[in-house]
file target-v9.cif (mmCIF, C-alpha atoms and all ligand atoms)
data_my_file
loop_
_atom_site.label_atom_id
_atom_site.label_comp_id
_atom_site.auth_asym_id
_atom_site.auth_seq_id
_atom_site.Cartn_x
_atom_site.Cartn_y
_atom_site.Cartn_z
CA MET W 1 -30.22 138.02 95.28
CA ASN W 2 -33.45 136.07 95.21
CA SER W 3 -35.11 138.45 92.83
CA ARG W 4 -32.17 138.03 90.48
CA LEU W 5 -32.60 134.30 90.36
CA SER W 6 -36.26 133.57 90.76
CA PHE W 7 -36.99 134.32 87.11
CA ALA W 8 -35.81 130.80 86.34
CA GLU W 9 -38.74 129.62 88.40
CA MET W 10 -41.05 131.82 86.35
CA LEU W 11 -40.08 129.82 83.31
CA ASP W 12 -40.96 126.49 84.85
CA HIS W 13 -43.97 124.79 83.41
CA HIS W 14 -47.16 126.26 84.73
CA PRO W 15 -49.73 124.65 82.48
CA GLY W 16 -52.61 126.69 83.89
CA GLN W 17 -50.76 129.99 83.95
CA SER W 18 -52.56 132.75 82.04
CA ALA W 19 -50.68 134.97 79.61
CA SER W 20 -51.45 138.03 81.72
CA GLY W 21 -50.28 136.25 84.89
CA LEU W 22 -47.02 135.37 83.18
CA ALA W 23 -46.68 138.87 81.76
CA ASP W 24 -47.02 140.30 85.28
CA LYS W 25 -44.38 137.94 86.58
CA ALA W 26 -42.04 138.71 83.68
CA LEU W 27 -42.48 142.43 84.34
CA ARG W 28 -41.70 142.14 88.02
CA GLN W 29 -38.64 140.04 87.29
CA ALA W 30 -37.44 142.40 84.57
CA CYS W 31 -37.77 145.38 86.92
CA ALA W 32 -35.82 143.53 89.60
CA LEU W 33 -33.07 142.52 87.16
CA LEU W 34 -32.50 145.98 85.75
CA GLU W 35 -33.47 147.93 88.88
CA ALA W 36 -36.34 149.58 87.06
CA ASP W 37 -39.25 151.16 88.93
CA ALA W 38 -41.97 150.65 86.34
CA GLY W 39 -42.73 148.76 83.18
CA VAL W 40 -45.34 147.82 80.60
CA LEU W 41 -45.53 144.69 78.48
CA TYR W 42 -47.26 144.29 75.13
CA LEU W 43 -47.85 141.24 73.01
CA LEU W 44 -47.57 141.48 69.25
CA ARG W 45 -50.61 140.09 67.46
CA HIS W 46 -51.13 139.49 63.77
CA ASP W 47 -54.45 139.42 62.01
CA PRO W 48 -55.46 139.78 58.39
CA ASP W 49 -55.43 143.59 58.74
CA GLY W 50 -51.88 143.77 60.04
CA GLU W 51 -49.90 143.78 63.25
CA TYR W 52 -50.81 145.40 66.49
CA LEU W 53 -49.66 145.45 70.11
CA VAL W 54 -51.99 144.33 72.87
CA HIS W 55 -51.39 145.53 76.41
CA ALA W 56 -50.59 142.50 78.61
CA GLY W 57 -49.43 144.04 81.87
CA SER W 58 -48.15 147.08 83.75
CA PHE W 59 -45.97 147.35 86.82
CA PRO W 60 -46.43 148.51 89.54
CA THR W 61 -50.01 149.44 88.66
CA ALA W 62 -51.35 146.13 87.42
CA GLY W 63 -54.81 147.52 86.74
CA GLN W 64 -53.77 150.11 84.18
CA THR W 65 -55.50 149.42 80.89
CA GLY W 66 -52.78 150.51 78.49
CA ALA W 67 -53.47 151.35 74.91
CA SER W 68 -53.42 148.85 72.13
CA ILE W 69 -51.29 150.04 69.28
CA PRO W 70 -51.45 151.48 66.60
CA SER W 71 -52.19 154.72 68.33
CA ASP W 72 -52.13 158.26 67.01
CA ARG W 73 -48.37 158.70 67.48
CA PRO W 74 -45.28 156.50 67.72
CA SER W 75 -43.87 155.26 71.01
CA ILE W 76 -40.87 153.45 72.46
CA ALA W 77 -42.99 150.27 72.40
CA THR W 78 -43.89 150.45 68.70
CA ILE W 79 -40.39 151.42 67.63
CA ALA W 80 -38.79 148.55 69.59
CA ALA W 81 -41.36 146.10 68.20
CA GLN W 82 -40.94 147.31 64.62
CA THR W 83 -37.15 147.55 64.56
CA GLY W 84 -36.44 144.54 66.77
CA SER W 85 -33.75 146.53 68.57
CA THR W 86 -33.40 147.89 72.06
CA LEU W 87 -34.15 151.60 72.33
CA LYS W 88 -32.71 153.35 75.37
CA PHE W 89 -32.73 156.88 76.82
CA ASP W 90 -30.57 157.27 79.93
CA ASP W 91 -32.14 160.70 80.36
CA ALA W 92 -35.84 160.63 79.55
CA THR W 93 -36.15 164.43 79.86
CA THR W 94 -34.09 165.42 76.80
CA PRO W 95 -36.03 166.83 73.84
CA ASP W 96 -35.16 163.74 71.79
CA ALA W 97 -36.51 161.40 74.42
CA LEU W 98 -39.62 163.50 75.00
CA ALA W 99 -40.37 163.43 71.28
CA THR W 100 -40.17 159.64 71.24
CA ILE W 101 -41.86 158.66 74.50
CA ASN W 102 -45.61 158.28 74.25
CA THR W 103 -46.64 158.39 77.90
CA ALA W 104 -50.08 156.87 77.27
CA VAL W 105 -48.42 153.79 75.79
CA ASP W 106 -44.94 153.54 77.29
CA LEU W 107 -45.56 154.15 80.98
CA PRO W 108 -48.07 153.18 83.65
CA SER W 109 -50.45 156.08 84.19
CA GLY W 110 -49.03 158.94 86.22
CA PHE W 111 -45.45 157.62 86.17
CA VAL W 112 -42.68 160.13 85.43
CA ALA W 113 -39.57 158.52 83.94
CA GLY W 114 -35.94 159.43 84.63
CA ALA W 115 -34.59 156.83 82.20
CA ILE W 116 -36.50 154.57 79.82
CA ALA W 117 -35.75 151.62 77.54
CA GLY W 118 -37.77 149.44 75.17
CA PHE W 119 -36.82 145.80 74.59
CA PRO W 120 -38.27 143.52 71.93
CA LEU W 121 -39.44 140.17 73.32
CA THR W 122 -38.69 137.27 71.04
CA ASN W 123 -39.33 133.55 71.09
CA HIS W 124 -36.62 130.93 70.63
CA ALA W 125 -36.89 131.24 66.87
CA LYS W 126 -35.98 134.94 67.39
CA VAL W 127 -39.37 136.05 66.08
CA ILE W 128 -40.65 139.18 67.83
CA VAL W 129 -43.63 138.29 69.99
CA GLY W 130 -43.97 141.41 72.10
CA VAL W 131 -42.21 144.33 73.70
CA LEU W 132 -41.21 145.38 77.16
CA VAL W 133 -40.74 149.02 78.20
CA LEU W 134 -38.93 149.67 81.49
CA ALA W 135 -38.37 152.97 83.27
CA THR W 136 -36.70 154.35 86.37
CA GLU W 137 -38.30 157.08 88.42
CA LEU W 138 -37.32 160.69 87.74
CA GLY W 139 -34.86 161.77 90.44
CA SER W 140 -33.77 158.21 91.28
CA GLY W 141 -30.43 158.80 89.57
CA ARG W 142 -30.59 155.32 88.03
CA SER W 143 -30.37 154.59 84.32
CA PHE W 144 -29.78 151.47 82.24
CA SER W 145 -26.24 152.37 81.23
CA GLN W 146 -24.66 149.93 83.73
CA ALA W 147 -27.23 147.19 83.20
CA PRO W 148 -26.12 143.72 82.03
CA LEU W 149 -28.03 144.15 78.77
CA GLU W 150 -26.40 141.22 76.99
CA LEU W 151 -27.82 138.86 79.56
CA PHE W 152 -31.09 140.73 79.62
CA VAL W 153 -31.62 140.05 75.92
CA ARG W 154 -31.58 136.37 76.81
CA PHE W 155 -34.08 137.00 79.58
CA CYS W 156 -36.32 138.68 76.98
CA ARG W 157 -36.12 135.57 74.84
CA LEU W 158 -37.11 133.27 77.68
CA ALA W 159 -39.88 135.55 78.89
CA GLY W 160 -41.10 136.13 75.32
CA ALA W 161 -41.28 132.41 74.60
CA ALA W 162 -43.13 131.69 77.86
CA VAL W 163 -45.67 134.48 77.39
CA GLU W 164 -46.20 133.65 73.72
CA ARG W 165 -46.92 130.04 74.57
CA ALA W 166 -49.45 130.93 77.24
CA ASP W 167 -51.07 133.49 74.93
CA LEU W 168 -51.36 130.95 72.11
CA LEU W 169 -52.97 128.41 74.41
CA GLU W 170 -55.52 131.01 75.46
CA GLN W 171 -56.26 131.91 71.86
CA ILE W 172 -56.69 128.26 70.95
CA ASN W 173 -59.13 127.73 73.79
CA GLN W 174 -61.12 130.77 72.71
CA ILE W 175 -61.31 129.59 69.13
CA ARG W 176 -62.40 126.17 70.35
CA LEU W 177 -65.24 127.68 72.33
CA ASP W 178 -66.43 129.77 69.39
CA PRO W 179 -68.71 127.58 67.29
CA GLY W 180 -68.37 129.92 64.32
CA ALA W 181 -64.56 129.76 64.28
CA ARG W 182 -63.03 128.51 61.11
CA ASN W 183 -61.12 125.27 61.33
CA ASP W 184 -58.14 126.56 59.42
CA ARG W 185 -57.61 129.32 61.99
CA LEU W 186 -57.63 126.75 64.78
CA ARG W 187 -55.28 124.50 62.87
CA GLN W 188 -52.92 127.37 62.22
CA GLN W 189 -52.64 128.19 65.93
CA VAL W 190 -52.22 124.57 66.97
CA GLU W 191 -49.44 124.15 64.41
CA LYS W 192 -47.72 127.23 65.74
CA LEU W 193 -47.94 125.84 69.26
CA ALA W 194 -46.53 122.48 68.17
CA PHE W 195 -43.60 124.30 66.58
CA ILE W 196 -42.96 126.20 69.79
CA GLU W 197 -43.15 123.01 71.85
CA GLU W 198 -40.58 121.47 69.57
CA ILE W 199 -38.01 124.24 69.85
CA GLU W 200 -38.77 124.53 73.53
CA GLY W 201 -36.59 121.49 74.10
CA VAL W 202 -33.75 123.94 74.48
CA ARG W 203 -35.65 126.13 76.87
CA GLY W 204 -34.80 124.44 80.17
CA ASP W 205 -31.12 124.39 79.32
CA ASP W 206 -31.10 128.00 78.26
CA ALA W 207 -32.83 129.07 81.47
CA PHE W 208 -30.33 127.08 83.51
CA ARG W 209 -27.36 128.63 81.77
CA LEU W 210 -28.80 132.10 82.10
CA ALA W 211 -29.45 131.56 85.81
CA ILE W 212 -25.83 130.46 86.24
CA SER W 213 -24.42 133.51 84.42
CA MET W 214 -26.59 135.75 86.56
CA LEU W 215 -25.39 133.98 89.70
CA ALA W 216 -21.75 134.44 88.67
CA ARG W 217 -22.35 138.08 87.85
CA ALA W 218 -24.20 138.68 91.14
CA ALA W 219 -21.28 137.15 93.06
CA GLU W 220 -18.87 139.39 91.22
CA ILE W 221 -20.90 142.52 91.89
CA TYR W 222 -21.05 141.56 95.58
CA ASP W 223 -17.31 141.03 95.63
CA GLU W 224 -15.53 143.66 93.58
CA GLY W 225 -18.09 145.61 91.65
CA THR W 226 -19.21 145.12 88.09
CA GLY W 227 -16.86 143.90 85.43
CA ASN W 228 -16.14 141.22 82.92
CA HIS W 229 -13.69 139.32 85.14
CA VAL W 230 -15.80 136.16 85.37
CA PHE W 231 -16.48 136.09 81.63
CA ARG W 232 -12.80 136.52 80.80
CA VAL W 233 -11.89 133.73 83.23
CA ASN W 234 -14.32 131.51 81.30
CA GLU W 235 -12.54 132.29 78.05
CA TYR W 236 -8.94 131.84 79.27
CA SER W 237 -9.94 128.55 80.89
CA HIS W 238 -11.67 127.31 77.76
CA PHE W 239 -8.61 128.28 75.75
CA LEU W 240 -6.24 126.44 78.12
CA GLY W 241 -8.44 123.33 78.11
CA LYS W 242 -8.47 123.29 74.30
CA THR W 243 -4.74 123.87 74.06
CA LEU W 244 -4.16 120.94 76.42
CA GLY W 245 -6.14 118.76 74.01
CA GLN W 246 -9.13 118.19 76.26
CA ASP W 247 -12.27 117.07 74.41
CA ALA W 248 -15.02 119.48 73.37
CA LYS W 249 -17.39 118.40 76.12
CA TYR W 250 -14.80 119.02 78.82
CA CYS W 251 -13.91 122.43 77.37
CA HIS W 252 -17.56 123.40 77.16
CA GLN W 253 -18.08 122.40 80.80
CA LEU W 254 -14.99 124.35 81.78
CA ARG W 255 -16.09 127.50 79.99
CA PHE W 256 -19.39 127.38 81.76
CA SER W 257 -18.07 126.40 85.22
CA ALA W 258 -15.06 128.71 85.56
CA GLN W 259 -17.19 131.81 86.13
CA LEU W 260 -18.48 130.35 89.40
CA HIS W 261 -15.06 130.05 91.07
CA ASP W 262 -15.74 132.77 93.65
CA VAL W 263 -19.48 132.31 94.15
CA GLY W 264 -18.72 131.37 97.76
CA LYS W 265 -17.71 134.97 98.46
CA MET W 266 -21.41 135.65 98.81
CA GLY W 267 -21.18 133.62 102.02
CA VAL W 268 -18.37 135.76 103.46
CA ALA W 269 -19.39 138.54 105.85
CA PRO W 270 -19.30 141.92 104.03
CA SER W 271 -17.24 143.41 106.88
CA VAL W 272 -14.48 140.90 106.06
CA LEU W 273 -14.92 140.88 102.28
CA ARG W 274 -14.72 144.67 101.98
CA LYS W 275 -12.08 145.31 104.63
CA THR W 276 -9.25 147.35 103.12
CA SER W 277 -6.71 146.89 105.93
CA ALA W 278 -4.96 143.62 106.78
CA LEU W 279 -7.16 140.73 107.94
CA ASN W 280 -6.62 139.19 111.37
CA PRO W 281 -6.29 135.37 111.49
CA ASP W 282 -10.02 134.81 112.12
CA GLU W 283 -10.97 137.10 109.28
CA ARG W 284 -8.43 135.42 107.01
CA ARG W 285 -9.97 132.03 107.80
CA GLU W 286 -13.45 133.39 107.05
CA MET W 287 -12.22 134.81 103.74
CA ASP W 288 -10.51 131.54 102.77
CA ASN W 289 -13.75 129.72 103.53
CA HIS W 290 -15.22 131.16 100.31
CA THR W 291 -13.89 127.98 98.72
CA ILE W 292 -15.93 125.81 101.07
CA TYR W 293 -19.03 128.01 100.84
CA GLY W 294 -18.85 127.93 97.05
CA HIS W 295 -18.59 124.17 97.04
CA ARG W 296 -21.56 123.94 99.39
CA ILE W 297 -23.70 126.12 97.09
CA LEU W 298 -22.70 124.39 93.86
CA SER W 299 -22.67 120.78 94.96
CA GLN W 300 -26.45 120.94 95.26
CA SER W 301 -26.75 120.33 91.52
CA PRO W 302 -25.11 117.37 89.72
CA ARG W 303 -24.87 119.58 86.63
CA LEU W 304 -22.51 121.84 88.56
CA ALA W 305 -20.10 119.14 89.70
CA MET W 306 -17.14 120.65 87.83
CA ALA W 307 -18.00 124.15 89.07
CA ALA W 308 -18.14 122.80 92.65
CA ASP W 309 -14.70 121.20 92.16
CA ILE W 310 -13.29 124.47 90.86
CA ALA W 311 -14.80 126.55 93.68
CA LEU W 312 -13.33 124.23 96.30
CA ASN W 313 -9.86 123.84 94.79
CA HIS W 314 -8.91 127.01 92.94
CA HIS W 315 -6.68 128.22 95.82
CA GLU W 316 -4.84 124.94 96.30
CA LYS W 317 -1.22 125.14 95.16
CA TRP W 318 0.96 122.67 93.29
CA ASP W 319 3.37 122.35 96.27
CA GLY W 320 0.58 121.70 98.77
CA SER W 321 0.78 125.10 100.48
CA GLY W 322 -2.68 126.28 99.37
CA TYR W 323 -6.10 126.11 101.02
CA PRO W 324 -8.56 124.81 102.15
CA SER W 325 -7.08 121.28 102.21
CA GLY W 326 -3.42 121.58 101.25
CA LYS W 327 -3.88 119.25 98.28
CA ARG W 328 -0.85 118.97 96.02
CA ALA W 329 -0.10 118.29 92.35
CA ASP W 330 -2.52 115.83 90.72
CA GLU W 331 -4.71 115.73 93.82
CA ILE W 332 -5.96 119.13 92.66
CA PRO W 333 -8.50 118.66 89.85
CA LEU W 334 -7.19 119.82 86.47
CA SER W 335 -10.20 122.15 86.07
CA ALA W 336 -9.18 124.01 89.24
CA ARG W 337 -5.52 124.20 88.19
CA ILE W 338 -6.62 125.74 84.89
CA VAL W 339 -8.99 128.26 86.43
CA GLN W 340 -6.33 129.26 88.96
CA ILE W 341 -3.91 130.41 86.28
CA ALA W 342 -6.74 132.14 84.37
CA ASP W 343 -7.98 133.86 87.52
CA ILE W 344 -4.54 135.09 88.55
CA TYR W 345 -3.61 136.35 85.08
CA ASP W 346 -6.84 138.36 84.99
CA ALA W 347 -6.44 139.64 88.55
CA LEU W 348 -2.93 140.87 87.67
CA ARG W 349 -4.25 142.72 84.62
CA SER W 350 -7.13 144.32 86.56
CA GLU W 351 -7.07 147.42 88.68
CA ARG W 352 -8.18 146.75 92.25
CA PRO W 353 -8.60 149.22 95.12
CA TYR W 354 -5.29 148.01 96.54
CA LYS W 355 -3.27 147.68 93.31
CA PRO W 356 -2.85 149.15 89.83
CA ALA W 357 -3.52 147.22 86.62
CA LEU W 358 -0.45 145.54 85.12
CA GLU W 359 0.52 145.37 81.47
CA HIS W 360 0.47 141.98 79.76
CA GLU W 361 4.25 141.70 79.86
CA GLN W 362 4.39 142.22 83.63
CA ALA W 363 1.59 139.70 84.23
CA ARG W 364 3.32 137.17 81.96
CA HIS W 365 6.57 137.64 83.86
CA ILE W 366 4.92 137.05 87.25
CA ILE W 367 3.18 133.86 86.10
CA LEU W 368 6.39 132.47 84.60
CA HIS W 369 8.87 133.64 87.23
CA GLY W 370 6.88 134.78 90.27
CA ASP W 371 7.23 137.95 92.33
CA ALA W 372 7.21 138.90 96.03
CA ARG W 373 3.73 137.38 96.50
CA ILE W 374 3.58 134.56 93.99
CA ASP W 375 6.10 131.74 93.89
CA SER W 376 5.41 130.51 90.38
CA ALA W 377 7.02 127.07 90.75
CA GLY W 378 5.21 126.27 94.00
CA HIS W 379 1.93 127.79 92.90
CA PHE W 380 1.05 126.53 89.45
CA ASP W 381 0.94 123.25 87.58
CA PRO W 382 4.29 123.30 85.66
CA THR W 383 2.66 121.87 82.51
CA LEU W 384 0.19 124.74 82.50
CA VAL W 385 2.95 127.28 83.02
CA GLU W 386 4.66 125.83 79.95
CA VAL W 387 1.47 126.07 77.92
CA PHE W 388 1.02 129.64 79.12
CA ALA W 389 4.60 130.49 78.13
CA ASP W 390 3.86 129.32 74.57
CA THR W 391 0.43 130.87 74.20
CA HIS W 392 0.45 133.95 76.46
CA GLN W 393 -0.46 136.25 73.56
CA SER W 394 -3.88 134.60 73.39
CA PHE W 395 -4.46 135.60 77.00
CA ASN W 396 -3.68 139.19 76.11
CA GLN W 397 -6.07 138.91 73.18
CA ILE W 398 -8.91 137.68 75.39
CA TRP W 399 -8.19 140.50 77.84
CA GLN W 400 -8.37 143.05 75.00
CA ASN W 401 -11.56 141.58 73.54
CA LEU W 402 -13.43 141.48 76.81
CA GLN W 403 -12.29 144.78 78.30
CA GLU W 404 -14.71 146.59 80.55
CA ALA W 405 -17.38 148.47 78.61
FE FE H 1 -11.22 132.65 95.04
FE FE H 2 -11.61 135.58 90.43
#

call {"tool": "encode", "arguments": {"input": "target-v9.cif", "output": "structure tokens"}}
result
Amino acid sequence: MNSRLSFAEMLDHHPGQSASGLADKALRQACALLEADAGVLYLLRHDPDGEYLVHAGSFPTAGQTGASIPSDRPSIATIAAQTGSTLKFDDATTPDALATINTAVDLPSGFVAGAIAGFPLTNHAKVIVGVLVLATELGSGRSFSQAPLELFVRFCRLAGAAVERADLLEQINQIRLDPGARNDRLRQQVEKLAFIEEIEGVRGDDAFRLAISMLARAAEIYDEGTGNHVFRVNEYSHFLGKTLGQDAKYCHQLRFSAQLHDVGKMGVAPSVLRKTSALNPDERREMDNHTIYGHRILSQSPRLAMAADIALNHHEKWDGSGYPSGKRADEIPLSARIVQIADIYDALRSERPYKPALEHEQARHIILHGDARIDSAGHFDPTLVEVFADTHQSFNQIWQNLQEA
């Protein structure tokens, strides 16, 4: 868990941090995020003769020198840097992969890859500033096919921007110390840095949002395995908020907060969370406490106030028969009432170990009229049920768009 989140800390300001120190950190974090066993990081440099890649770090063998590129033959690193796209081989032993991988460039010395992938590193202006190559060990059975690559692209942007900034500062200091350096070269680099500082205003926010998505995803993996459940719940909730006429700020907050509704499940003992038979009363209480645990985690940050509200209240019911507090009607925050309907619609549509997936029509029917387990009138906010009745096709659309990969 910690390794999944501590990359946000890597992006904090470390004025004295060297580019190679940051590159090492970025590599370690990237390996932890994608469960890779090894990696190399290159920075893209430009000079009057063209572009080239400079080795900035290797993991786990930090001392490996790494080749600067161009080299005599192509590599995953050069291709990813030149095309700006991710290049991935889930089996690094196929003839295709072997023809592309340049072991001297793409891997720490002596490492034998089972799967390998190259990721361009960009700054916030989406300019390529380097490249990251990650690999799993041959025989580990792990590849990058299940990896949350969409989120990882954002990690690459944050890491790229941080490393680029540190690298520029180092270059500027070097030019300063060189009495023969031309002033226009120094000016050029300082201007570039000023530009980066300017667009970096968004950096903190981006890092925060990324950390939150990762937290939501980690909670989901801990709970029910990988999936897009939390992202779909964001979208249904955002849609409901908009349809209700809530303002853009509220809807934005809702979209971002909904995904954290079950974060508290990370506080529930795995023996209870994963139990397939019926829970005894103590175990049931522990399970229900995920609302309280979630609130405890999220109320630490004022920026997560809505998420904390949702986590605490998403199992309260309109008639007061829910938990943990038995709040009723308007006592339950609107955000939680919205997420509840979104969460339940998605749970009905999803296959779980104890139940099959339902078609849209069946899920719609249960939300509007209830079934053996759900008493619609007692459970949901009647206004929201009405809105759902009018707009249910949009829910189906969101489900279709964000199906599991
Ligand atoms: Fe929950
Ligand atoms: Fe959920």

call {"tool": "residues_near_ligand", "arguments": {"input": "target-v9.cif", "ligand": "ligand FE 1 (chain H)", "cutoff": "12 Å", "atoms": "only C-alpha atoms and all ligand atoms", "output": "PDB file with C-alpha atoms, keeping the file's coordinate frame"}}
result
ATOM      1  CA  ALA W 219     -21.280 137.150  93.060  1.00  0.00           C
ATOM      2  CA  GLU W 220     -18.870 139.390  91.220  1.00  0.00           C
ATOM      3  CA  ASP W 223     -17.310 141.030  95.630  1.00  0.00           C
ATOM      4  CA  GLU W 224     -15.530 143.660  93.580  1.00  0.00           C
ATOM      5  CA  VAL W 230     -15.800 136.160  85.370  1.00  0.00           C
ATOM      6  CA  VAL W 233     -11.890 133.730  83.230  1.00  0.00           C
ATOM      7  CA  ALA W 258     -15.060 128.710  85.560  1.00  0.00           C
ATOM      8  CA  GLN W 259     -17.190 131.810  86.130  1.00  0.00           C
ATOM      9  CA  LEU W 260     -18.480 130.350  89.400  1.00  0.00           C
ATOM     10  CA  HIS W 261     -15.060 130.050  91.070  1.00  0.00           C
ATOM     11  CA  ASP W 262     -15.740 132.770  93.650  1.00  0.00           C
ATOM     12  CA  VAL W 263     -19.480 132.310  94.150  1.00  0.00           C
ATOM     13  CA  GLY W 264     -18.720 131.370  97.760  1.00  0.00           C
ATOM     14  CA  LYS W 265     -17.710 134.970  98.460  1.00  0.00           C
ATOM     15  CA  MET W 266     -21.410 135.650  98.810  1.00  0.00           C
ATOM     16  CA  VAL W 268     -18.370 135.760 103.460  1.00  0.00           C
ATOM     17  CA  LEU W 273     -14.920 140.880 102.280  1.00  0.00           C
ATOM     18  CA  MET W 287     -12.220 134.810 103.740  1.00  0.00           C
ATOM     19  CA  ASP W 288     -10.510 131.540 102.770  1.00  0.00           C
ATOM     20  CA  ASN W 289     -13.750 129.720 103.530  1.00  0.00           C
ATOM     21  CA  HIS W 290     -15.220 131.160 100.310  1.00  0.00           C
ATOM     22  CA  THR W 291     -13.890 127.980  98.720  1.00  0.00           C
ATOM     23  CA  ILE W 292     -15.930 125.810 101.070  1.00  0.00           C
ATOM     24  CA  TYR W 293     -19.030 128.010 100.840  1.00  0.00           C
ATOM     25  CA  GLY W 294     -18.850 127.930  97.050  1.00  0.00           C
ATOM     26  CA  HIS W 295     -18.590 124.170  97.040  1.00  0.00           C
ATOM     27  CA  ILE W 310     -13.290 124.470  90.860  1.00  0.00           C
ATOM     28  CA  ALA W 311     -14.800 126.550  93.680  1.00  0.00           C
ATOM     29  CA  LEU W 312     -13.330 124.230  96.300  1.00  0.00           C
ATOM     30  CA  ASN W 313      -9.860 123.840  94.790  1.00  0.00           C
ATOM     31  CA  HIS W 314      -8.910 127.010  92.940  1.00  0.00           C
ATOM     32  CA  HIS W 315      -6.680 128.220  95.820  1.00  0.00           C
ATOM     33  CA  GLU W 316      -4.840 124.940  96.300  1.00  0.00           C
ATOM     34  CA  GLY W 322      -2.680 126.280  99.370  1.00  0.00           C
ATOM     35  CA  TYR W 323      -6.100 126.110 101.020  1.00  0.00           C
ATOM     36  CA  PRO W 324      -8.560 124.810 102.150  1.00  0.00           C
ATOM     37  CA  ALA W 336      -9.180 124.010  89.240  1.00  0.00           C
ATOM     38  CA  VAL W 339      -8.990 128.260  86.430  1.00  0.00           C
ATOM     39  CA  GLN W 340      -6.330 129.260  88.960  1.00  0.00           C
ATOM     40  CA  ILE W 341      -3.910 130.410  86.280  1.00  0.00           C
ATOM     41  CA  ALA W 342      -6.740 132.140  84.370  1.00  0.00           C
ATOM     42  CA  ASP W 343      -7.980 133.860  87.520  1.00  0.00           C
ATOM     43  CA  ILE W 344      -4.540 135.090  88.550  1.00  0.00           C
ATOM     44  CA  ALA W 347      -6.440 139.640  88.550  1.00  0.00           C
TER      45      ALA W 347
END

call {"tool": "residues_around", "arguments": {"input": "target-v9.cif", "residues": "range 151-153 of chain W", "least_positions_apart": "2", "cutoff": "9 Å", "atoms": "all atoms listed in the file", "output": "compact mmCIF listing (two decimals) with C-alpha atoms, in the coordinates of the input"}}
result
# COMPACT_ATOMS: atom_id res chain seq x y z
CA ALA W 30 -37.44 142.40 84.57
CA LEU W 33 -33.07 142.52 87.16
CA LEU W 34 -32.50 145.98 85.75
CA THR W 86 -33.40 147.89 72.06
CA PHE W 119 -36.82 145.80 74.59
CA PRO W 120 -38.27 143.52 71.93
CA LEU W 121 -39.44 140.17 73.32
CA ALA W 147 -27.23 147.19 83.20
CA PRO W 148 -26.12 143.72 82.03
CA LEU W 149 -28.03 144.15 78.77
CA PHE W 155 -34.08 137.00 79.58
CA CYS W 156 -36.32 138.68 76.98
CA ARG W 157 -36.12 135.57 74.84
CA LEU W 158 -37.11 133.27 77.68
CA LEU W 210 -28.80 132.10 82.10
CA SER W 213 -24.42 133.51 84.42
CA MET W 214 -26.59 135.75 86.56

call {"tool": "residues_around", "arguments": {"input": "target-v9.cif", "residues": "range 350-364 of chain W", "least_positions_apart": "5", "cutoff": "12 Å", "atoms": "all atoms listed in the file", "output": "ChimeraX atom specification"}}
result
/W:223-230,232,274-278,341-345,369-371,374,376,385-400,402-404

call {"tool": "atom_distance", "arguments": {"input": "target-v9.cif", "atom1": "CA of Phe59 in chain W", "atom2": "CA of Gly39 in chain W"}}
result
5.1 Å

call {"tool": "closest_residue", "arguments": {"input": "target-v9.cif", "among": "W:Gln300, W:Ser237, W:Asn102, W:Thr122", "to": "ligand FE 2 (chain H)", "atoms": "all atoms listed in the file"}}
result
W:Ser237

call {"tool": "atom_distance", "arguments": {"input": "target-v9.cif", "atom1": "CA of Phe89 in chain W", "atom2": "CA of Ala135 in chain W"}}
result
9.4 Å

call {"tool": "residues_around", "arguments": {"input": "target-v9.cif", "residues": "range 239-256 of chain W", "least_positions_apart": "5", "cutoff": "7 Å", "atoms": "only C-alpha atoms", "output": "list of chain:residue names"}}
result
W:Asn234, W:Ser335, W:Ile338

call {"tool": "residues_near_point", "arguments": {"input": "target-v9.cif", "point": "(-46.0, 156.6, 76.4)", "cutoff": "10 Å", "atoms": "all atoms listed in the file", "output": "list of chain:residue names"}}
result
W:Val40, W:Gly66, W:Ala67, W:Arg73, W:Pro74, W:Ser75, W:Ile76, W:Ala77, W:Leu98, W:Thr100, W:Ile101, W:Asn102, W:Thr103, W:Ala104, W:Val105, W:Asp106, W:Leu107, W:Pro108, W:Ser109, W:Phe111, W:Val133

call {"tool": "write_last_selection", "arguments": {"input": "target-v9.cif", "atoms": "C-alpha atoms", "output": "short mmCIF file (atom, residue, chain, number, x, y, z; two decimals), in the frame of the given file"}}
result
data_model
loop_
_atom_site.label_atom_id
_atom_site.label_comp_id
_atom_site.auth_asym_id
_atom_site.auth_seq_id
_atom_site.Cartn_x
_atom_site.Cartn_y
_atom_site.Cartn_z
CA VAL W 40 -45.34 147.82 80.60
CA GLY W 66 -52.78 150.51 78.49
CA ALA W 67 -53.47 151.35 74.91
CA ARG W 73 -48.37 158.70 67.48
CA PRO W 74 -45.28 156.50 67.72
CA SER W 75 -43.87 155.26 71.01
CA ILE W 76 -40.87 153.45 72.46
CA ALA W 77 -42.99 150.27 72.40
CA LEU W 98 -39.62 163.50 75.00
CA THR W 100 -40.17 159.64 71.24
CA ILE W 101 -41.86 158.66 74.50
CA ASN W 102 -45.61 158.28 74.25
CA THR W 103 -46.64 158.39 77.90
CA ALA W 104 -50.08 156.87 77.27
CA VAL W 105 -48.42 153.79 75.79
CA ASP W 106 -44.94 153.54 77.29
CA LEU W 107 -45.56 154.15 80.98
CA PRO W 108 -48.07 153.18 83.65
CA SER W 109 -50.45 156.08 84.19
CA PHE W 111 -45.45 157.62 86.17
CA VAL W 133 -40.74 149.02 78.20
#

call {"tool": "closest_residue", "arguments": {"input": "target-v9.cif", "among": "W:Ala36, W:Val129, W:Ala92, W:Ala19", "to": "Leu53 in chain W", "atoms": "all atoms listed in the file"}}
result
W:Val129
